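A.B. asks: Quick one, start10.txt (compact mmCIF, C-alpha atoms):
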# COMPACT_ATOMS: atom_id res chain seq x y z
CA MET W 57 0.00 0.00 0.00
CA ALA W 58 3.04 2.29 -0.04
CA GLY W 59 3.72 4.67 -2.91
CA VAL W 60 1.47 7.17 -4.59
CA TRP W 61 -2.28 6.62 -4.86
CA ARG W 62 -4.80 8.49 -6.99
CA VAL W 63 -8.28 9.49 -5.87
CA VAL W 64 -10.53 9.20 -8.91
CA VAL W 65 -14.11 10.47 -9.08
CA LEU W 66 -16.36 8.69 -11.57
CA ASN W 67 -19.20 10.26 -13.53
CA ASP W 68 -22.84 9.67 -12.74
CA PRO W 69 -25.80 11.16 -14.60
CA VAL W 70 -27.54 12.24 -11.39
CA ASN W 71 -25.46 14.68 -9.38
CA LEU W 72 -25.76 18.28 -10.53
CA MET W 73 -22.70 20.01 -11.97
CA SER W 74 -23.07 22.78 -9.39
CA TYR W 75 -23.22 20.16 -6.64
CA VAL W 76 -20.03 18.44 -7.82
CA VAL W 77 -18.25 21.82 -8.02
CA LEU W 78 -19.35 22.63 -4.47
CA VAL W 79 -18.17 19.24 -3.18
CA PHE W 80 -14.77 19.62 -4.85
CA LYS W 81 -14.35 23.06 -3.28
CA LYS W 82 -15.54 21.88 0.12
CA VAL W 83 -13.72 18.55 0.35
CA LEU W 84 -10.57 19.11 -1.70
CA GLY W 85 -10.14 22.85 -1.16
CA PHE W 86 -10.20 23.64 -4.89
CA ASP W 87 -10.79 27.18 -6.08
CA GLU W 88 -13.79 27.77 -8.34
CA THR W 89 -11.80 27.46 -11.58
CA THR W 90 -10.10 24.19 -10.62
CA ALA W 91 -13.32 22.74 -9.26
CA ARG W 92 -15.17 23.52 -12.50
CA ARG W 93 -12.34 22.10 -14.63
CA LYS W 94 -12.28 18.87 -12.64
CA MET W 95 -16.08 18.62 -12.70
CA LEU W 96 -16.04 18.96 -16.50
CA GLU W 97 -13.38 16.25 -16.74
CA VAL W 98 -15.66 13.93 -14.78
CA HIS W 99 -18.62 14.89 -16.93
CA GLU W 100 -16.91 14.66 -20.32
CA GLN W 101 -14.32 11.93 -19.77
CA GLY W 102 -16.20 9.87 -17.22
CA ARG W 103 -13.54 10.30 -14.53
CA SER W 104 -11.07 12.72 -13.05
CA VAL W 105 -8.05 12.31 -10.80
CA VAL W 106 -8.77 14.82 -8.06
CA TRP W 107 -5.90 14.10 -5.70
CA SER W 108 -2.79 11.93 -5.46
CA GLY W 109 -0.46 11.12 -2.61
CA LEU W 110 -0.09 8.76 0.32
CA ARG W 111 -2.61 5.95 0.66
CA GLU W 112 -3.88 6.97 4.09
CA LYS W 113 -4.80 10.48 3.01
CA ALA W 114 -6.20 9.18 -0.30
CA GLU W 115 -8.52 6.91 1.67
CA ALA W 116 -9.65 9.84 3.80
CA TYR W 117 -10.53 11.87 0.71
CA ALA W 118 -12.29 8.90 -0.89
CA PHE W 119 -14.36 8.36 2.25
CA THR W 120 -15.42 11.99 2.42
CA LEU W 121 -16.31 12.09 -1.28
CA GLN W 122 -18.42 8.96 -0.76
CA GLN W 123 -20.14 10.76 2.13
CA TRP W 124 -21.21 13.30 -0.47
CA HIS W 125 -22.43 10.42 -2.66
CA LEU W 126 -19.81 10.80 -5.37
CA THR W 127 -18.58 7.44 -6.65
CA THR W 128 -14.86 7.33 -5.94
CA ILE W 129 -12.08 4.82 -6.54
CA LEU W 130 -8.43 4.61 -5.55
CA GLU W 131 -5.74 3.68 -8.05
CA ALA W 132 -2.08 2.98 -7.49
CA ASP W 133 0.08 5.41 -9.45
CA GLU W 134 2.50 3.16 -11.27
CA THR W 135 4.09 5.79 -13.46
CA ASP W 136 7.38 5.77 -11.50
CA MET L 253 -26.77 33.20 10.30
CA LYS L 254 -28.01 33.39 6.72
CA ARG L 255 -31.28 31.57 6.20
CA ILE L 256 -33.61 31.08 3.27
CA ASP L 257 -37.31 30.33 3.59
CA VAL L 258 -38.76 28.60 0.57
CA LYS L 259 -42.48 28.73 -0.03
CA LEU L 260 -43.74 25.59 -1.73
CA ALA L 261 -47.13 24.59 -3.09
CA VAL L 262 -48.30 21.95 -0.62
CA PRO L 263 -50.73 20.25 -3.06
CA VAL L 264 -47.87 19.83 -5.55
CA VAL L 265 -45.21 18.71 -3.09
CA ALA L 266 -47.31 16.45 -0.85
CA PRO L 267 -47.64 13.61 -3.41
CA LEU L 268 -43.89 13.71 -4.01
CA LEU L 269 -43.23 13.12 -0.32
CA ASP L 270 -44.65 9.62 -0.66
CA VAL L 271 -42.01 8.91 -3.31
CA ILE L 272 -39.25 10.37 -1.13
CA LYS L 273 -40.38 8.29 1.86
CA ASP L 274 -40.52 5.18 -0.29
CA MET L 275 -36.94 5.71 -1.50
CA ALA L 276 -35.74 6.73 1.97
CA GLY L 277 -36.83 3.39 3.41
CA GLY L 278 -34.18 1.48 1.48
CA LEU L 279 -31.43 3.96 2.25
CA GLY L 280 -31.11 2.61 5.78
CA GLU L 281 -29.78 -0.67 4.38
CA SER L 282 -27.71 0.21 1.33
CA LEU L 283 -25.62 3.10 0.11
CA ALA L 284 -27.01 5.40 -2.57
CA ALA L 285 -23.58 5.45 -4.24
CA PRO L 286 -22.24 1.92 -3.67
CA LEU L 287 -18.65 1.64 -2.50
CA ALA L 288 -16.42 1.04 -5.50
CA LEU L 289 -13.24 0.68 -3.44
CA HIS L 290 -12.59 -2.98 -4.10
CA ASP L 291 -9.09 -3.23 -2.67
CA LEU L 292 -10.02 -2.15 0.84
CA ASP L 293 -9.42 -4.58 3.68
CA ALA L 294 -12.71 -6.40 4.42
CA ASP L 295 -13.00 -5.17 8.01
CA PHE L 296 -12.10 -1.65 6.98
CA ARG L 297 -14.63 -1.79 4.16
CA ALA L 298 -17.37 -2.98 6.51
CA ALA L 299 -16.56 -0.20 8.97
CA TRP L 300 -16.70 2.38 6.18
CA SER L 301 -20.01 1.06 4.92
CA ASP L 302 -21.53 1.12 8.41
CA GLU L 303 -20.39 4.67 9.00
CA LEU L 304 -21.57 5.89 5.60
CA LEU L 305 -24.91 4.16 6.05
CA ALA L 306 -25.44 5.69 9.48
CA ALA L 307 -24.68 9.16 8.10
CA GLN L 308 -26.94 8.59 5.11
CA LYS L 309 -29.80 7.58 7.40
CA VAL L 310 -29.42 10.74 9.46
CA GLU L 311 -29.32 12.92 6.33
CA VAL L 312 -32.48 11.42 4.90
CA GLY L 313 -34.19 11.79 8.27
CA ARG L 314 -33.33 15.49 8.30
CA LEU L 315 -34.76 15.89 4.79
CA LEU L 316 -38.02 14.18 5.75
CA GLY L 317 -38.12 16.29 8.91
CA LEU L 318 -38.45 19.45 6.79
CA PHE L 319 -41.91 18.36 5.76
CA ASP L 320 -43.53 18.44 9.19
CA ASP L 321 -46.88 19.73 10.42
CA ASN L 322 -45.62 23.29 10.05
CA PHE L 323 -44.86 22.66 6.39
CA PHE L 324 -48.39 21.40 5.79
CA ARG L 325 -49.79 24.52 7.54
CA GLU L 326 -47.49 27.16 6.06
CA GLY L 327 -45.96 25.51 3.00
CA VAL L 328 -42.53 26.78 3.99
CA VAL L 329 -39.22 24.96 4.43
CA ALA L 330 -36.14 26.72 5.80
CA PHE L 331 -32.48 26.20 4.97
CA ASP L 332 -29.51 27.61 6.84
CA ALA L 333 -25.89 26.80 7.57
CA ASP L 334 -27.01 24.21 10.11
CA ASN L 335 -28.95 21.99 7.70
CA ALA L 336 -27.69 22.96 4.23
CA GLU L 337 -25.02 20.25 3.91
CA VAL L 338 -27.11 17.37 5.19
CA ILE L 339 -30.08 18.35 3.05
CA LEU L 340 -27.86 18.63 -0.02
CA ARG L 341 -26.47 15.15 0.62
CA ALA L 342 -29.90 13.70 1.37
CA CYS L 343 -31.24 15.07 -1.91
CA ALA L 344 -28.29 13.50 -3.73
CA ALA L 345 -28.90 10.15 -2.04
CA ILE L 346 -32.61 10.11 -2.86
CA ARG L 347 -31.96 11.17 -6.46
CA LEU L 348 -29.39 8.39 -6.91
CA ARG L 349 -31.85 5.91 -5.44
CA LEU L 350 -34.63 7.17 -7.71
CA ARG L 351 -32.40 6.52 -10.70
CA ALA L 352 -31.58 3.02 -9.50
CA ARG L 353 -35.12 2.02 -8.54
CA ALA L 354 -37.79 4.13 -10.18
CA LEU L 355 -36.28 5.83 -13.21
CA LYS L 356 -34.76 2.87 -15.03
CA PRO L 357 -36.98 3.45 -18.11
CA LEU L 358 -35.33 6.86 -18.60
CA ALA L 359 -31.97 7.15 -20.38
CA ASP L 360 -29.03 8.71 -18.59
CA GLU L 361 -29.10 11.60 -21.08
CA VAL L 362 -32.65 12.38 -19.97
CA LEU L 363 -31.65 12.32 -16.31
CA GLU L 364 -28.68 14.59 -17.01
CA GLY L 365 -30.68 17.01 -19.11
CA GLY L 366 -33.68 17.08 -16.80
CA GLY L 367 -36.15 17.01 -19.66
CA ALA L 368 -38.40 14.04 -20.32
CA ASP L 369 -41.58 13.60 -22.31
CA LEU L 370 -43.73 13.15 -19.24
CA LEU L 371 -46.79 12.21 -21.27
CA ALA L 372 -44.94 9.26 -22.75
CA VAL L 373 -44.01 7.55 -19.47
CA PRO L 374 -46.17 5.60 -17.02
CA ASP L 375 -47.56 7.46 -14.02
CA PRO L 376 -45.14 6.02 -11.39
CA VAL L 377 -42.16 7.03 -13.54
CA ARG L 378 -43.65 10.47 -14.11
CA LYS L 379 -44.13 10.96 -10.37
CA ALA L 380 -40.60 9.72 -9.63
CA PHE L 381 -39.17 12.09 -12.24
CA MET L 382 -41.09 15.03 -10.78
CA CYS L 383 -39.60 14.13 -7.41
CA TYR L 384 -36.13 13.87 -8.99
CA LEU L 385 -36.51 17.40 -10.39
CA PHE L 386 -37.98 18.77 -7.16
CA LEU L 387 -34.97 17.57 -5.17
CA ALA L 388 -32.60 19.07 -7.76
CA THR L 389 -34.41 22.39 -7.36
CA LEU L 390 -33.91 22.28 -3.60
CA GLN L 391 -30.21 21.56 -4.17
CA GLU L 392 -29.87 24.47 -6.60
CA LEU L 393 -31.59 26.83 -4.17
CA ILE L 394 -29.25 25.82 -1.36
CA ILE L 395 -26.13 26.04 -3.52
CA GLN L 396 -27.07 29.43 -4.98
CA ASN L 397 -27.94 30.95 -1.62
CA LEU L 398 -25.81 29.16 0.95
CA ASP L 399 -22.65 28.21 -0.92
CA GLU L 400 -20.43 30.33 1.32
CA SER L 401 -22.08 29.00 4.49
CA ILE L 402 -21.29 25.45 3.44
CA LEU L 403 -17.72 26.17 2.42
CA GLY L 404 -17.13 28.05 5.64
CA SER L 405 -18.48 25.37 7.97
Could you show the structure in this file as C-alpha cells?
C.D. replies:
Amino acid sequence: MAGVWRVVVLNDPVNLMSYVVLVFKKVLGFDETTARRKMLEVHEQGRSVVWSGLREKAEAYAFTLQQWHLTTILEADETD
Amino acid sequence: MKRIDVKLAVPVVAPLLDVIKDMAGGLGESLAAPLALHDLDADFRAAWSDELLAAQKVEVGRLLGLFDDNFFREGVVAFDADNAEVILRACAAIRLRLRARALKPLADEVLEGGGADLLAVPDPVRKAFMCYLFLATLQELIIQNLDESILGS
C-alpha cells in the first residue's frame, strides 16, 4: 500500500454540476476554476483524478467524497 | 446566520413526499452510491459502509423532517448553515436511489438534461421524475444561496 495513490471520481448522470463543483471546493479545497475544470473532466471523460499522494490520506478523501455520494475509486500510481 | 425560507405549493409537493419516503426506506440498508473501493481490507470496508450508512440515514431523516406539520400549515421549508449540507447530501442520495429504482426506463441523457416527455411515461415514472426534479431544485436553491455558508463550515 506504499507509494502514490490516486483518488478518482467517476461520472454519474444524477449529481448536478453545481453540486459536484461545491463538493470539490468543500472537500478538496479547490478554487472555483479548478473545481469547475475537474467537474467537467468527470462529466466529459467519465472520470477525473482529483488528488494523489499517500494511501492513508487518499482513503480519507475517498471516504469523504463517498459521504457526499460521489462514486470514488483509488488507483495505485505506477508511473514511477 | 443566513437563512432562506422557501415557499412551496403543498398540493404539488405532498404527493412527491410519498415517493421520497418510499426511497428513503431502502437507504437505511444500502448506500445510494455503492462503494467502489474494491481493494479495501474487508473489516475496513465494513466499517466504512456502516459509518456511511449511518450518516446517510441521518441525512435522509433530516430531509423528511423538513416536511412536518408546520410545512403542511405554512408551505414553507427553511435552509440555513445548520442543515444545508445534510439536506444537499440527502437530496443527492434520494436522487441516486430514484435513478436506481424508479427511473430505469429513462436514459441517462434524460436524467442529465432534466427534460423528459412526461406524457410518454407511465404514471409512477412520471411521479418519480417530478420528485427527482424537485430535489434538484432544492439543491440548486441551497447552492445558490448558501454556498459560502457550506464552504465556511
A.B. asks: So, counting all atoms listed in the file, which residue among W:Gly85, W:Gly102, W:Gly59, W:Gly109 is closest to chain L?
C.D. replies: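 Nearest candidate to chain L out of W:Gly85, W:Gly102, W:Gly59, W:Gly109: W:Gly85.
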A.B. asks: I'd like the interatomic distance between CA of Gly317 (chain L) and CA of Phe331 (chain L), to a tenth of an Å.
C.D. replies: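 That distance, rounded to one decimal, is 12.1 Å.
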A.B. asks: So that I can see what lies close to Phe323 (chain L), please list as JSON, numbers by chain the residues with an atom at most 10 Å from it, counting only C-alpha atoms and leaving out residues fewer than 5 positions away in the same chain.
C.D. replies: {"L": [259, 260, 261, 262, 266, 317, 318, 328, 329, 330]}
A.B. asks: Between CA of Ser108 (chain W) and CA of Val64 (chain W), what is the distance in Å, rounded to a tenth?
C.D. replies: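 It comes out at 8.9 Å.
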A.B. asks: May I ask for the distance between CA of Leu393 (chain L) and CA of Asp334 (chain L), given in Å to one decimal place?
C.D. replies: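 Taking CA of Leu393 (chain L) as the start and CA of Asp334 (chain L) as the end point, the length is 15.2 Å.
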A.B. asks: Give me, as a tab-separated table, each residue of chain W that comes within 12 Å of chain L, together with its shortest interatomic pair and the distance in Å at one decimal, counting only C-alpha atoms, with rows ordered by chain and rising residue number.
C.D. replies:
residue	atom	partner	partner_atom	distance
W:Met57	CA	L:Asp291	CA	10.0
W:Val63	CA	L:Leu289	CA	10.4
W:Val64	CA	L:Leu289	CA	10.5
W:Val65	CA	L:Ala288	CA	10.3
W:Leu66	CA	L:Ala288	CA	9.8
W:Asn67	CA	L:Glu364	CA	11.0
W:Asp68	CA	L:Asp360	CA	8.6
W:Pro69	CA	L:Glu364	CA	5.1
W:Val70	CA	L:Leu348	CA	6.2
W:Asn71	CA	L:Ala344	CA	6.4
W:Leu72	CA	L:Ala388	CA	7.4
W:Met73	CA	L:Glu364	CA	9.5
W:Ser74	CA	L:Ile395	CA	7.4
W:Tyr75	CA	L:Ile395	CA	7.3
W:Val76	CA	L:Ala344	CA	10.5
W:Val77	CA	L:Ile395	CA	10.0
W:Leu78	CA	L:Asp399	CA	7.4
W:Val79	CA	L:Leu403	CA	8.9
W:Phe80	CA	L:Leu403	CA	10.2
W:Lys81	CA	L:Leu403	CA	7.3
W:Lys82	CA	L:Leu403	CA	5.3
W:Val83	CA	L:Leu403	CA	8.9
W:Leu84	CA	L:Leu403	CA	10.9
W:Gly85	CA	L:Leu403	CA	9.0
W:Phe86	CA	L:Leu403	CA	10.8
W:Asp87	CA	L:Leu403	CA	11.0
W:Glu88	CA	L:Asp399	CA	11.6
W:His99	CA	L:Glu364	CA	10.1
W:Arg111	CA	L:Leu292	CA	11.0
W:Glu112	CA	L:Leu292	CA	11.5
W:Ala114	CA	L:Leu289	CA	11.5
W:Glu115	CA	L:Leu292	CA	9.2
W:Ala116	CA	L:Trp300	CA	10.5
W:Ala118	CA	L:Leu289	CA	8.7
W:Phe119	CA	L:Trp300	CA	7.5
W:Thr120	CA	L:Leu304	CA	9.2
W:Leu121	CA	L:Ala285	CA	10.3
W:Gln122	CA	L:Ala285	CA	7.1
W:Gln123	CA	L:Leu304	CA	6.1
W:Trp124	CA	L:Arg341	CA	5.7
W:His125	CA	L:Ala285	CA	5.3
W:Leu126	CA	L:Ala285	CA	6.6
W:Thr127	CA	L:Ala285	CA	5.9
W:Thr128	CA	L:Ala288	CA	6.5
W:Ile129	CA	L:Leu289	CA	5.3
W:Leu130	CA	L:Leu289	CA	6.6
W:Glu131	CA	L:Leu289	CA	9.3
W:Ala132	CA	L:Asp291	CA	10.5
A.B. asks: Which of these, W:Asp133, W:Val98, W:Val105, W:Thr89, has the shortest distance to Trp61 (chain W) once you count all atoms listed in the file?
C.D. replies: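 Ranked by minimum distance to Trp61 (chain W), first place goes to W:Asp133.
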